[in-house]
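*Asks:* This is the structure I want to talk about, given as structure tokens.
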Amino acid sequence: MPAVLQQLNDQGAKGSVRLRPVGSNSLYVNPQAASDTYSYKEFTLTFSGRDGWDEASNALLQRLEDEGAKGYVLHHLVGETHTLDDSLNAIRKASFILVKNESRAVTYTYRKFSFDLMMPADFIDRLNALGQEGYRFLNTERGLSPSVNAIVVKSSAAAGATYRYAFEPVVSDPKPQLTSRGQSGFRYRGYFEYFANRNGQPVQGVFNAYELDSSKPAAVVYRFSDEIAGGPVDINTPEGLARLNDQASQGFFYSGLSIPTGASGGAAMFFADYAVYVQGALLADLNRGGAVLFP
């Protein structure tokens with residue numbers, strides 16, 4: 001078993017789930033109010049050429065469906081490798097990690113759709129239509145197809161829940177935007193790098209993505225690192241970890257997500273009220289391919 005996968009399973013057996021990589025380390029969180037445990041597995045798709053791309057896209061959906069029936073949800077795209085075969089054909093491999101809550105009988109179903117010909121507003125409309133059917137935006141396929149496909153997921157633990165989505169522009173000061181969206185119950189889902197081809201006319205942009213869960217409509221209260229004594233800190237340090245745990249002891253959860261700012265291109269570390277932000281939340285870094293589902 002690869003060292004990373006072994007570490008994930010060791011931590012999962014202790015009730016901790018990985019939020020995201022941090023430098024050469026991984027950041028884990030342990031929901032203290034629960035005694036759930038988690039297990040992880042990895043699989044790899046191998047493909048080449050345009051037909052191979054399409055086959056890999058279909059194979060990914062089928063594998064997710066098969067594993068979802070067993071309680072696994074897509075957690076992380078490990079990465080892609082490129083090699084040449086004896087005939088100098090490009091061979092690509094993409095590896096994925098799945099996570100399962102071993103303490104809950106939850107299953108997942110998946111769907112995908114191409115947004116290669118869509119404008120961002122059309123993409124949001126499509127997500128909202130699927131959201132009314134109980135599907136949540138998980139991520140994109142990240143290079144498995146010449147077209148751009150989005151993956152959505154439905155959890156059996158969220159029967160009757162519906163979801164709404166919104167894009168907001170990336171701004172130099174994200175606090176007013178987060179506060180306004182939070183007051184309406186929208187959770188920040190990360191910044192999303194949108195790209196669609198539209199018949200040779202590329203459409204691209206970077207947006208802050210938000211999600212509203214009808215089963216958790218309470219307002220989300222955000223707390224920002226520059227408003228905390230000591231100011232921003234590097235979370236990949238002992239001081240940073242102490243900051244995260246100090247905020248957690250006050251009921252504020254570090255989402256593991258970053259907010260780009262238009263002025264500096266930097267990121268503002270922020271915390272959110274655990275009780276309304278995390279419970280029932282899908283936490284996904286839309287540009288790192290990682291996701292954690294908290295039932």
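As shown in the structure tokens, the chain order sets the letters A, B, ...; within each chain, residues go from 1, and ligands are also counted from 1 in the order they appear.
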Quick one: everything within 10 Å of A:Glu42, counting only C-alpha atoms, minus sequence neighbours fewer than 3 positions away in the same chain. Send it as a PyMOL selection string.
*Replies:* chain A and resi 1-2+5+74-78+95-99
*Asks:* Take the residues from that selection and put them in a file with all heavy atoms, as an mmCIF file, in the first residue's frame.
*Replies:*
```cif
data_model
loop_
_atom_site.group_PDB
_atom_site.id
_atom_site.type_symbol
_atom_site.label_atom_id
_atom_site.label_comp_id
_atom_site.auth_asym_id
_atom_site.auth_seq_id
_atom_site.Cartn_x
_atom_site.Cartn_y
_atom_site.Cartn_z
ATOM 1 N N MET A 1 0.850 -1.194 0.000
ATOM 2 C CA MET A 1 0.000 0.000 0.000
ATOM 3 C C MET A 1 0.886 1.245 0.000
ATOM 4 O O MET A 1 1.810 1.351 0.798
ATOM 5 C CB MET A 1 -0.899 0.002 1.239
ATOM 6 C CG MET A 1 -1.835 1.193 1.328
ATOM 7 S SD MET A 1 -2.867 1.192 2.820
ATOM 8 C CE MET A 1 -3.917 -0.223 2.504
ATOM 9 N N PRO A 2 0.626 2.219 -0.924
ATOM 10 C CA PRO A 2 1.429 3.446 -0.936
ATOM 11 C C PRO A 2 1.401 4.146 0.414
ATOM 12 O O PRO A 2 0.414 4.064 1.153
ATOM 13 C CB PRO A 2 0.740 4.289 -2.020
ATOM 14 C CG PRO A 2 0.027 3.301 -2.884
ATOM 15 C CD PRO A 2 -0.387 2.190 -1.983
ATOM 16 N N LEU A 5 -1.592 6.465 1.107
ATOM 17 C CA LEU A 5 -2.826 5.725 1.365
ATOM 18 C C LEU A 5 -2.785 5.077 2.743
ATOM 19 O O LEU A 5 -3.799 5.029 3.447
ATOM 20 C CB LEU A 5 -3.027 4.669 0.283
ATOM 21 C CG LEU A 5 -4.420 4.065 0.165
ATOM 22 C CD1 LEU A 5 -5.452 5.137 -0.162
ATOM 23 C CD2 LEU A 5 -4.448 2.966 -0.890
ATOM 24 N N LEU A 74 -15.725 10.085 -4.066
ATOM 25 C CA LEU A 74 -14.456 10.563 -4.606
ATOM 26 C C LEU A 74 -13.827 11.577 -3.662
ATOM 27 O O LEU A 74 -14.458 12.556 -3.282
ATOM 28 C CB LEU A 74 -14.689 11.196 -5.979
ATOM 29 C CG LEU A 74 -13.460 11.760 -6.690
ATOM 30 C CD1 LEU A 74 -12.451 10.663 -6.987
ATOM 31 C CD2 LEU A 74 -13.871 12.446 -7.995
ATOM 32 N N HIS A 75 -12.585 11.338 -3.292
ATOM 33 C CA HIS A 75 -11.888 12.212 -2.350
ATOM 34 C C HIS A 75 -10.835 13.067 -3.034
ATOM 35 O O HIS A 75 -10.734 14.263 -2.766
ATOM 36 C CB HIS A 75 -11.220 11.366 -1.262
ATOM 37 C CG HIS A 75 -10.285 12.130 -0.371
ATOM 38 N ND1 HIS A 75 -10.721 13.115 0.485
ATOM 39 C CD2 HIS A 75 -8.939 12.077 -0.222
ATOM 40 C CE1 HIS A 75 -9.684 13.624 1.139
ATOM 41 N NE2 HIS A 75 -8.596 13.020 0.714
ATOM 42 N N HIS A 76 -10.035 12.494 -3.923
ATOM 43 C CA HIS A 76 -8.878 13.246 -4.404
ATOM 44 C C HIS A 76 -8.353 12.662 -5.708
ATOM 45 O O HIS A 76 -8.288 11.447 -5.882
ATOM 46 C CB HIS A 76 -7.766 13.184 -3.348
ATOM 47 C CG HIS A 76 -6.578 14.032 -3.656
ATOM 48 N ND1 HIS A 76 -6.641 15.397 -3.768
ATOM 49 C CD2 HIS A 76 -5.281 13.712 -3.883
ATOM 50 C CE1 HIS A 76 -5.437 15.880 -4.031
ATOM 51 N NE2 HIS A 76 -4.596 14.877 -4.117
ATOM 52 N N LEU A 77 -8.018 13.539 -6.664
ATOM 53 C CA LEU A 77 -7.259 13.153 -7.833
ATOM 54 C C LEU A 77 -5.786 13.210 -7.458
ATOM 55 O O LEU A 77 -5.254 14.292 -7.186
ATOM 56 C CB LEU A 77 -7.539 14.092 -9.004
ATOM 57 C CG LEU A 77 -6.614 13.965 -10.219
ATOM 58 C CD1 LEU A 77 -6.750 12.594 -10.861
ATOM 59 C CD2 LEU A 77 -6.915 15.046 -11.251
ATOM 60 N N VAL A 78 -5.144 12.044 -7.413
ATOM 61 C CA VAL A 78 -3.747 11.987 -6.986
ATOM 62 C C VAL A 78 -2.856 12.686 -7.993
ATOM 63 O O VAL A 78 -1.953 13.445 -7.649
ATOM 64 C CB VAL A 78 -3.300 10.525 -6.793
ATOM 65 C CG1 VAL A 78 -1.839 10.466 -6.350
ATOM 66 C CG2 VAL A 78 -4.196 9.832 -5.769
ATOM 67 N N SER A 95 -4.820 8.667 -11.315
ATOM 68 C CA SER A 95 -5.127 7.924 -10.098
ATOM 69 C C SER A 95 -6.058 8.729 -9.200
ATOM 70 O O SER A 95 -5.927 9.950 -9.082
ATOM 71 C CB SER A 95 -3.835 7.595 -9.336
ATOM 72 O OG SER A 95 -3.012 6.739 -10.106
ATOM 73 N N PHE A 96 -6.983 8.034 -8.566
ATOM 74 C CA PHE A 96 -8.005 8.660 -7.734
ATOM 75 C C PHE A 96 -8.064 7.962 -6.381
ATOM 76 O O PHE A 96 -7.849 6.752 -6.283
ATOM 77 C CB PHE A 96 -9.377 8.565 -8.401
ATOM 78 C CG PHE A 96 -9.443 9.181 -9.764
ATOM 79 C CD1 PHE A 96 -9.066 8.449 -10.884
ATOM 80 C CD2 PHE A 96 -9.863 10.488 -9.933
ATOM 81 C CE1 PHE A 96 -9.116 9.008 -12.149
ATOM 82 C CE2 PHE A 96 -9.916 11.057 -11.198
ATOM 83 C CZ PHE A 96 -9.541 10.321 -12.304
ATOM 84 N N ILE A 97 -8.377 8.736 -5.342
ATOM 85 C CA ILE A 97 -8.576 8.186 -4.005
ATOM 86 C C ILE A 97 -10.037 8.362 -3.614
ATOM 87 O O ILE A 97 -10.628 9.418 -3.832
ATOM 88 C CB ILE A 97 -7.653 8.861 -2.973
ATOM 89 C CG1 ILE A 97 -6.194 8.449 -3.220
ATOM 90 C CG2 ILE A 97 -8.055 8.495 -1.545
ATOM 91 C CD1 ILE A 97 -5.202 9.106 -2.290
ATOM 92 N N LEU A 98 -10.615 7.310 -3.048
ATOM 93 C CA LEU A 98 -11.991 7.315 -2.562
ATOM 94 C C LEU A 98 -11.986 7.198 -1.051
ATOM 95 O O LEU A 98 -11.061 6.629 -0.462
ATOM 96 C CB LEU A 98 -12.768 6.135 -3.149
ATOM 97 C CG LEU A 98 -12.759 5.982 -4.668
ATOM 98 C CD1 LEU A 98 -13.407 4.664 -5.063
ATOM 99 C CD2 LEU A 98 -13.481 7.139 -5.328
ATOM 100 N N VAL A 99 -13.027 7.729 -0.407
ATOM 101 C CA VAL A 99 -13.136 7.645 1.048
ATOM 102 C C VAL A 99 -14.519 7.122 1.421
ATOM 103 O O VAL A 99 -15.507 7.403 0.744
ATOM 104 C CB VAL A 99 -12.874 9.020 1.720
ATOM 105 C CG1 VAL A 99 -13.873 10.068 1.250
ATOM 106 C CG2 VAL A 99 -12.894 8.894 3.241
#
```
*Asks:* Which residue gives the smallest distance to A:Thr162 among A:Asn149, A:Asn128, A:Thr109, A:Thr37, with only C-alpha atoms counted?
*Replies:*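 Result for the nearest residue to A:Thr162: A:Asn128.
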*Asks:* Under the rule that only C-alpha atoms are counted, which of A:Val171, A:Ala248, A:Ala161, A:Ala166 is the nearest residue to A:Pro120?
*Replies:* A:Ala166
*Asks:* Quick check, in Å to one decimal: how far apart do atom CA of A:Ser225 and atom CA of A:Arg243 lie?
*Replies:*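 So the two atoms, atom CA of A:Ser225 and atom CA of A:Arg243, lie 9.4 Å apart.
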*Asks:* Identify, on the basis of only C-alpha atoms, every residue whose closest approach to stretch 202-209 of chain A does not exceed 8 Å; exclude the query and any residue fewer than 2 positions from it along the same chain; express the result as a count of residues only.
*Replies:* 22
*Asks:* Determine which residues of stretch 115-272 of chain A receive a DSSP assignment of helix (DSSP H, G or I), computed from the backbone, and state them as a PyMOL selection string.
*Replies:* chain A and resi 120-131+156-158+175-183+225-227+238-249
*Asks:* Nearest residue to A:Ser103 out of A:Asp36, A:Glu55, A:Asp226, A:Asp213, using only C-alpha atoms?
*Replies:*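 Nearest to A:Ser103: A:Asp36.
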*Asks:* Can you measure atom CA of A:Leu244 to atom CA of A:Gln11 for me? One decimal in Å is fine.
*Replies:*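 Rounded to one decimal, the two atoms are 17.8 Å apart.
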*Asks:* For A:Pro176, find every residue with an atom within 12 Å (counting only C-alpha atoms), except residues of its own chain fewer than 5 positions away, and show them as number ranges by chain.
*Replies:* A: 168, 170-171, 181-183, 221-224
*Asks:* What separation in Å, quoted to one decimal, exists between atom CA of A:Ala218 and atom CA of A:Thr179?
*Replies:*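 We find that atom CA of A:Ala218 and atom CA of A:Thr179 lie 13.1 Å from each other.
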*Asks:* Of the candidates A:Ala59, A:Ala159, A:Leu8, A:Ala3, which one gets nearest to A:Lys100 if we count only C-alpha atoms?
*Replies:*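 For A:Lys100, the nearest of the candidates is A:Leu8.
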*Asks:* Determine which residues of stretch 39-249 of chain A receive a DSSP assignment of strand (DSSP E), computed from the backbone, and state them as an NGL selection string.
*Replies:* :A and (39-47 or 72-84 or 90-101 or 108-114 or 136-140 or 149-155 or 163-169 or 186-196 or 203-213 or 222-224)
